[in-house]
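File shown: target09.cif (mmCIF, N, CA and C atoms).
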data_model
loop_
_atom_site.group_PDB
_atom_site.id
_atom_site.type_symbol
_atom_site.label_atom_id
_atom_site.label_comp_id
_atom_site.auth_asym_id
_atom_site.auth_seq_id
_atom_site.Cartn_x
_atom_site.Cartn_y
_atom_site.Cartn_z
ATOM 1 N N MET A 102 39.347 128.108 69.423
ATOM 2 C CA MET A 102 40.791 128.098 69.463
ATOM 3 C C MET A 102 41.233 126.914 70.314
ATOM 4 N N LEU A 103 42.168 126.165 69.828
ATOM 5 C CA LEU A 103 42.654 124.986 70.517
ATOM 6 C C LEU A 103 43.929 125.346 71.260
ATOM 7 N N ARG A 104 43.938 125.031 72.548
ATOM 8 C CA ARG A 104 45.131 125.323 73.351
ATOM 9 C C ARG A 104 45.745 124.016 73.808
ATOM 10 N N VAL A 105 47.057 124.000 73.816
ATOM 11 C CA VAL A 105 47.784 122.825 74.263
ATOM 12 C C VAL A 105 48.470 123.173 75.565
ATOM 13 N N ARG A 106 48.216 122.373 76.610
ATOM 14 C CA ARG A 106 48.849 122.616 77.907
ATOM 15 C C ARG A 106 50.198 121.922 77.951
ATOM 16 N N SER A 107 51.159 122.656 78.456
ATOM 17 C CA SER A 107 52.466 122.022 78.633
ATOM 18 C C SER A 107 52.457 121.289 79.970
ATOM 19 N N ALA A 108 53.317 120.337 80.125
ATOM 20 C CA ALA A 108 53.348 119.496 81.320
ATOM 21 C C ALA A 108 53.719 120.293 82.567
ATOM 22 N N GLY A 109 54.448 121.385 82.423
ATOM 23 C CA GLY A 109 54.922 122.138 83.577
ATOM 24 C C GLY A 109 53.926 123.161 84.093
ATOM 25 N N ARG A 110 52.893 123.462 83.331
ATOM 26 C CA ARG A 110 51.938 124.493 83.742
ATOM 27 C C ARG A 110 50.772 123.882 84.495
ATOM 28 N N GLN A 111 50.173 124.696 85.373
ATOM 29 C CA GLN A 111 49.000 124.249 86.109
ATOM 30 C C GLN A 111 47.761 124.484 85.261
ATOM 31 N N SER A 112 46.745 123.751 85.556
ATOM 32 C CA SER A 112 45.484 123.892 84.844
ATOM 33 C C SER A 112 44.872 125.254 85.167
ATOM 34 N N PRO A 113 44.369 125.979 84.169
ATOM 35 C CA PRO A 113 43.749 127.269 84.460
ATOM 36 C C PRO A 113 42.482 127.115 85.292
ATOM 37 N N ARG A 114 41.950 125.933 85.324
ATOM 38 C CA ARG A 114 40.736 125.686 86.087
ATOM 39 C C ARG A 114 40.993 125.698 87.587
ATOM 40 N N THR A 115 42.134 125.213 88.021
ATOM 41 C CA THR A 115 42.433 125.121 89.447
ATOM 42 C C THR A 115 43.234 126.306 89.948
ATOM 43 N N ASN A 116 44.000 126.943 89.095
ATOM 44 C CA ASN A 116 44.847 128.078 89.474
ATOM 45 C C ASN A 116 45.708 127.775 90.688
ATOM 46 N N GLY A 117 46.180 126.565 90.780
ATOM 47 C CA GLY A 117 47.072 126.200 91.873
ATOM 48 C C GLY A 117 46.346 125.875 93.165
ATOM 49 N N ALA A 118 45.039 125.882 93.171
ATOM 50 C CA ALA A 118 44.288 125.583 94.386
ATOM 51 C C ALA A 118 44.282 124.081 94.632
ATOM 52 N N ARG A 119 44.201 123.741 95.922
ATOM 53 C CA ARG A 119 44.144 122.325 96.271
ATOM 54 C C ARG A 119 42.748 121.787 95.985
ATOM 55 N N ALA A 120 42.684 120.502 95.766
ATOM 56 C CA ALA A 120 41.386 119.858 95.578
ATOM 57 C C ALA A 120 40.658 119.862 96.922
ATOM 58 N N PRO A 121 39.341 119.967 96.926
ATOM 59 C CA PRO A 121 38.604 119.974 98.186
ATOM 60 C C PRO A 121 38.803 118.668 98.941
ATOM 61 N N GLN A 122 38.936 118.777 100.238
ATOM 62 C CA GLN A 122 39.122 117.612 101.086
ATOM 63 C C GLN A 122 37.914 117.450 101.986
ATOM 64 N N GLY A 123 37.355 116.257 102.030
ATOM 65 C CA GLY A 123 36.211 115.977 102.870
ATOM 66 C C GLY A 123 36.621 115.212 104.107
ATOM 67 N N SER A 124 35.638 114.855 104.900
ATOM 68 C CA SER A 124 35.917 114.144 106.142
ATOM 69 C C SER A 124 35.767 112.632 105.976
ATOM 70 N N GLY A 125 35.474 112.196 104.769
ATOM 71 C CA GLY A 125 35.276 110.767 104.521
ATOM 72 C C GLY A 125 36.598 110.044 104.359
ATOM 73 N N PRO A 126 36.511 108.755 104.117
ATOM 74 C CA PRO A 126 37.739 107.972 103.932
ATOM 75 C C PRO A 126 38.506 108.447 102.700
ATOM 76 N N GLY A 127 39.768 108.655 102.869
ATOM 77 C CA GLY A 127 40.604 109.108 101.765
ATOM 78 C C GLY A 127 40.350 110.550 101.386
ATOM 79 N N GLY A 128 39.729 111.320 102.266
ATOM 80 C CA GLY A 128 39.476 112.723 101.989
ATOM 81 C C GLY A 128 38.289 112.970 101.085
ATOM 82 N N GLN A 129 37.444 111.975 100.898
ATOM 83 C CA GLN A 129 36.271 112.141 100.042
ATOM 84 C C GLN A 129 35.239 113.034 100.728
ATOM 85 N N ILE A 130 34.473 113.715 99.917
ATOM 86 C CA ILE A 130 33.412 114.581 100.425
ATOM 87 C C ILE A 130 32.170 113.727 100.653
ATOM 88 N N THR A 131 31.647 113.810 101.865
ATOM 89 C CA THR A 131 30.472 113.020 102.224
ATOM 90 C C THR A 131 29.225 113.901 102.209
ATOM 91 N N PRO A 132 28.041 113.299 102.214
ATOM 92 C CA PRO A 132 26.816 114.096 102.297
ATOM 93 C C PRO A 132 26.774 114.988 103.544
ATOM 94 N N ASP A 133 27.362 114.512 104.638
ATOM 95 C CA ASP A 133 27.404 115.334 105.858
ATOM 96 C C ASP A 133 28.243 116.596 105.641
ATOM 97 N N ASP A 134 29.308 116.496 104.872
ATOM 98 C CA ASP A 134 30.124 117.674 104.546
ATOM 99 C C ASP A 134 29.291 118.683 103.759
ATOM 100 N N ILE A 135 28.520 118.194 102.813
ATOM 101 C CA ILE A 135 27.690 119.081 101.987
ATOM 102 C C ILE A 135 26.617 119.747 102.844
ATOM 103 N N ARG A 136 25.973 118.966 103.746
ATOM 104 C CA ARG A 136 24.950 119.541 104.632
ATOM 105 C C ARG A 136 25.542 120.626 105.531
ATOM 106 N N ALA A 137 26.728 120.356 106.085
ATOM 107 C CA ALA A 137 27.359 121.327 106.981
ATOM 108 C C ALA A 137 27.703 122.616 106.239
ATOM 109 N N LYS A 138 28.226 122.492 105.044
ATOM 110 C CA LYS A 138 28.581 123.678 104.255
ATOM 111 C C LYS A 138 27.335 124.453 103.852
ATOM 112 N N THR A 139 26.254 123.724 103.516
ATOM 113 C CA THR A 139 25.005 124.384 103.154
ATOM 114 C C THR A 139 24.445 125.162 104.329
ATOM 115 N N LYS A 140 24.453 124.565 105.526
ATOM 116 C CA LYS A 140 23.978 125.257 106.728
ATOM 117 C C LYS A 140 24.809 126.504 107.011
ATOM 118 N N GLU A 141 26.105 126.407 106.792
ATOM 119 C CA GLU A 141 26.994 127.555 107.010
ATOM 120 C C GLU A 141 26.651 128.699 106.046
ATOM 121 N N LEU A 142 26.426 128.359 104.779
ATOM 122 C CA LEU A 142 26.086 129.380 103.790
ATOM 123 C C LEU A 142 24.725 130.003 104.066
ATOM 124 N N VAL A 143 23.740 129.180 104.436
ATOM 125 C CA VAL A 143 22.397 129.680 104.719
ATOM 126 C C VAL A 143 22.427 130.609 105.928
ATOM 127 N N ALA A 144 23.183 130.270 106.940
ATOM 128 C CA ALA A 144 23.275 131.118 108.133
ATOM 129 C C ALA A 144 23.877 132.476 107.784
ATOM 130 N N GLY A 145 24.855 132.496 106.910
ATOM 131 C CA GLY A 145 25.453 133.767 106.496
ATOM 132 C C GLY A 145 24.488 134.633 105.718
ATOM 133 N N VAL A 146 23.721 134.022 104.835
ATOM 134 C CA VAL A 146 22.745 134.763 104.037
ATOM 135 C C VAL A 146 21.628 135.292 104.930
ATOM 136 N N GLU A 147 21.152 134.474 105.867
ATOM 137 C CA GLU A 147 20.089 134.907 106.771
ATOM 138 C C GLU A 147 20.532 136.091 107.611
ATOM 139 N N GLY A 148 21.780 136.104 108.022
ATOM 140 C CA GLY A 148 22.304 137.240 108.785
ATOM 141 C C GLY A 148 22.299 138.516 107.969
ATOM 142 N N GLN A 149 22.655 138.415 106.710
ATOM 143 C CA GLN A 149 22.651 139.593 105.845
ATOM 144 C C GLN A 149 21.231 140.079 105.590
ATOM 145 N N VAL A 150 20.292 139.162 105.436
ATOM 146 C CA VAL A 150 18.892 139.538 105.203
ATOM 147 C C VAL A 150 18.335 140.230 106.445
ATOM 148 N N GLN A 151 18.635 139.703 107.623
ATOM 149 C CA GLN A 151 18.142 140.305 108.864
ATOM 150 C C GLN A 151 18.682 141.716 109.043
ATOM 151 N N SER A 152 19.918 141.962 108.645
ATOM 152 C CA SER A 152 20.488 143.302 108.805
ATOM 153 C C SER A 152 19.920 144.279 107.781
ATOM 154 N N ALA A 153 19.505 143.789 106.614
ATOM 155 C CA ALA A 153 18.984 144.679 105.562
ATOM 156 C C ALA A 153 17.474 144.856 105.634
ATOM 157 N N ARG A 154 16.775 144.066 106.443
ATOM 158 C CA ARG A 154 15.314 144.092 106.477
ATOM 159 C C ARG A 154 14.739 145.460 106.867
ATOM 160 N N PRO A 155 15.236 146.162 107.902
ATOM 161 C CA PRO A 155 14.642 147.469 108.238
ATOM 162 C C PRO A 155 14.756 148.480 107.091
ATOM 163 N N THR A 156 15.875 148.508 106.428
ATOM 164 C CA THR A 156 16.058 149.437 105.315
ATOM 165 C C THR A 156 15.078 149.115 104.190
ATOM 166 N N LEU A 157 14.940 147.842 103.863
ATOM 167 C CA LEU A 157 14.014 147.443 102.803
ATOM 168 C C LEU A 157 12.572 147.775 103.170
ATOM 169 N N THR A 158 12.239 147.663 104.454
ATOM 170 C CA THR A 158 10.884 147.991 104.891
ATOM 171 C C THR A 158 10.598 149.472 104.682
ATOM 172 N N TYR A 159 11.532 150.331 105.066
ATOM 173 C CA TYR A 159 11.349 151.775 104.874
ATOM 174 C C TYR A 159 11.228 152.133 103.396
ATOM 175 N N VAL A 160 12.039 151.517 102.578
ATOM 176 C CA VAL A 160 11.989 151.789 101.138
ATOM 177 C C VAL A 160 10.647 151.337 100.559
ATOM 178 N N ALA A 161 10.154 150.183 100.976
ATOM 179 C CA ALA A 161 8.880 149.683 100.470
ATOM 180 C C ALA A 161 7.727 150.584 100.895
ATOM 181 N N VAL A 162 7.723 151.021 102.158
ATOM 182 C CA VAL A 162 6.658 151.911 102.639
ATOM 183 C C VAL A 162 6.713 153.244 101.894
ATOM 184 N N GLY A 163 7.901 153.774 101.693
ATOM 185 C CA GLY A 163 8.042 155.023 100.937
ATOM 186 C C GLY A 163 7.552 154.886 99.502
ATOM 187 N N GLY A 164 7.843 153.757 98.878
ATOM 188 C CA GLY A 164 7.387 153.529 97.510
ATOM 189 C C GLY A 164 5.872 153.441 97.418
ATOM 190 N N VAL A 165 5.253 152.777 98.386
ATOM 191 C CA VAL A 165 3.795 152.671 98.393
ATOM 192 C C VAL A 165 3.163 154.043 98.597
ATOM 193 N N LEU A 166 3.694 154.829 99.526
ATOM 194 C CA LEU A 166 3.163 156.177 99.752
ATOM 195 C C LEU A 166 3.310 157.048 98.512
ATOM 196 N N LEU A 167 4.437 156.946 97.844
ATOM 197 C CA LEU A 167 4.646 157.709 96.619
ATOM 198 C C LEU A 167 3.612 157.330 95.556
ATOM 199 N N LEU A 168 3.340 156.052 95.407
ATOM 200 C CA LEU A 168 2.338 155.616 94.433
ATOM 201 C C LEU A 168 0.945 156.110 94.794
ATOM 202 N N VAL A 169 0.602 156.114 96.089
ATOM 203 C CA VAL A 169 -0.720 156.583 96.509
ATOM 204 C C VAL A 169 -0.872 158.064 96.208
ATOM 205 N N PHE A 170 0.132 158.859 96.573
ATOM 206 C CA PHE A 170 0.064 160.301 96.308
ATOM 207 C C PHE A 170 0.032 160.594 94.811
ATOM 208 N N LEU A 171 0.808 159.875 94.040
ATOM 209 C CA LEU A 171 0.825 160.069 92.599
ATOM 210 C C LEU A 171 -0.542 159.744 91.994
ATOM 211 N N ALA A 172 -1.148 158.639 92.408
ATOM 212 C CA ALA A 172 -2.474 158.285 91.903
ATOM 213 C C ALA A 172 -3.506 159.333 92.315
ATOM 214 N N PHE A 173 -3.406 159.821 93.538
ATOM 215 C CA PHE A 173 -4.349 160.825 94.016
ATOM 216 C C PHE A 173 -4.268 162.104 93.189
ATOM 217 N N PHE A 174 -3.059 162.619 93.006
ATOM 218 C CA PHE A 174 -2.904 163.885 92.289
ATOM 219 C C PHE A 174 -3.212 163.748 90.798
ATOM 220 N N LEU A 175 -2.866 162.637 90.188
ATOM 221 C CA LEU A 175 -3.214 162.448 88.780
ATOM 222 C C LEU A 175 -4.725 162.295 88.606
ATOM 223 N N GLY A 176 -5.388 161.609 89.519
ATOM 224 C CA GLY A 176 -6.835 161.483 89.459
ATOM 225 C C GLY A 176 -7.523 162.809 89.705
ATOM 226 N N ARG A 177 -6.984 163.596 90.596
ATOM 227 C CA ARG A 177 -7.555 164.912 90.888
ATOM 228 C C ARG A 177 -7.457 165.823 89.674
ATOM 229 N N ARG A 178 -6.312 165.766 89.020
ATOM 230 C CA ARG A 178 -6.100 166.606 87.838
ATOM 231 C C ARG A 178 -7.027 166.182 86.709
ATOM 232 N N SER A 179 -7.135 164.883 86.472
ATOM 233 C CA SER A 179 -7.999 164.429 85.372
ATOM 234 C C SER A 179 -9.458 164.723 85.696
ATOM 235 N N GLY A 180 -9.827 164.740 86.965
ATOM 236 C CA GLY A 180 -11.187 165.097 87.345
ATOM 237 C C GLY A 180 -11.485 166.557 87.059
ATOM 238 N N ARG A 181 -10.499 167.404 87.237
ATOM 239 C CA ARG A 181 -10.687 168.829 86.936
ATOM 240 C C ARG A 181 -10.802 169.063 85.441
ATOM 241 N N VAL A 182 -10.019 168.353 84.676
ATOM 242 C CA VAL A 182 -10.006 168.548 83.234
ATOM 243 C C VAL A 182 -11.330 168.096 82.630
ATOM 244 N N ARG A 183 -11.880 166.974 83.093
ATOM 245 C CA ARG A 183 -13.086 166.424 82.491
ATOM 246 C C ARG A 183 -14.378 166.861 83.178
ATOM 247 N N SER A 184 -14.290 167.633 84.232
ATOM 248 C CA SER A 184 -15.514 167.961 84.957
ATOM 249 C C SER A 184 -16.330 168.998 84.162
ATOM 250 N N THR A 185 -17.603 168.866 84.271
ATOM 251 C CA THR A 185 -18.521 169.754 83.567
ATOM 252 C C THR A 185 -18.983 170.829 84.537
ATOM 253 N N LEU A 186 -19.003 172.049 84.081
ATOM 254 C CA LEU A 186 -19.467 173.159 84.903
ATOM 255 C C LEU A 186 -20.963 173.350 84.633
ATOM 256 N N VAL A 187 -21.727 173.191 85.671
ATOM 257 C CA VAL A 187 -23.184 173.321 85.556
ATOM 258 C C VAL A 187 -23.572 174.630 86.214
ATOM 259 N N GLU A 188 -24.276 175.463 85.467
ATOM 260 C CA GLU A 188 -24.697 176.752 85.999
ATOM 261 C C GLU A 188 -26.211 176.722 86.201
ATOM 262 N N ILE A 189 -26.623 177.057 87.374
ATOM 263 C CA ILE A 189 -28.047 177.070 87.683
ATOM 264 C C ILE A 189 -28.477 178.520 87.837
ATOM 265 N N ARG A 190 -29.493 178.911 87.092
ATOM 266 C CA ARG A 190 -29.995 180.288 87.157
ATOM 267 C C ARG A 190 -31.417 180.300 87.745
ATOM 268 N N ARG A 191 -31.622 181.217 88.584
ATOM 269 C CA ARG A 191 -32.978 181.415 89.118
ATOM 270 C C ARG A 191 -33.583 182.613 88.431
ATOM 271 N N GLU A 192 -34.766 182.476 88.002
ATOM 272 C CA GLU A 192 -35.398 183.614 87.333
ATOM 273 C C GLU A 192 -36.610 184.078 88.061
#
Any chance you could put this one into structure tokens?
Amino acid sequence: MLRVRSAGRQSPRTNGARAPQGSGPGGQITPDDIRAKTKELVAGVEGQVQSARPTLTYVAVGGVLLLVFLAFFLGRRSGRVRSTLVEIRRE
């Protein structure tokens, strides 16, 4: 579908937002601006990971224990089903 923008409307891409302004000449974005923003984002993500780490550890340990118990009980059951009963008689 082809859409024609009228001169009075804003671009749907910007939604009225200002263009990003950097610290370079004329407001250009410099590599230092990108590095600073990247460090800011990484620090925020690391904080969230550090706060969620204990919960994830408990969930992982619980999952491993569940798998061990499940393997044990399924192996025990299959051993009972396939085991041969040997009867020894003394005469």
For this session: Kindly give the distance, in Å, that separates CA of Gln149 in chain A and atom N of Gly163 in chain A, rounded to a single decimal.
Result: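 These two atoms are separated by 20.9 Å.
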Problem set entry | Atomic separation - atom C of Gly123 in chain A relative to atom C of Arg136 in chain A, Å |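 According to the coordinates, atom C of Arg136 in chain A and atom C of Gly123 in chain A are separated by 12.4 Å.
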Kindly compute an axis-aligned box around the listed atoms of range 126-138 of chain A, allowing 3 Å on each side, and express its centre and edge lengths in Å to one decimal as JSON.
{"center_x": 32.8, "center_y": 116.2, "center_z": 103.4, "size_x": 21.7, "size_y": 22.5, "size_z": 13.1}
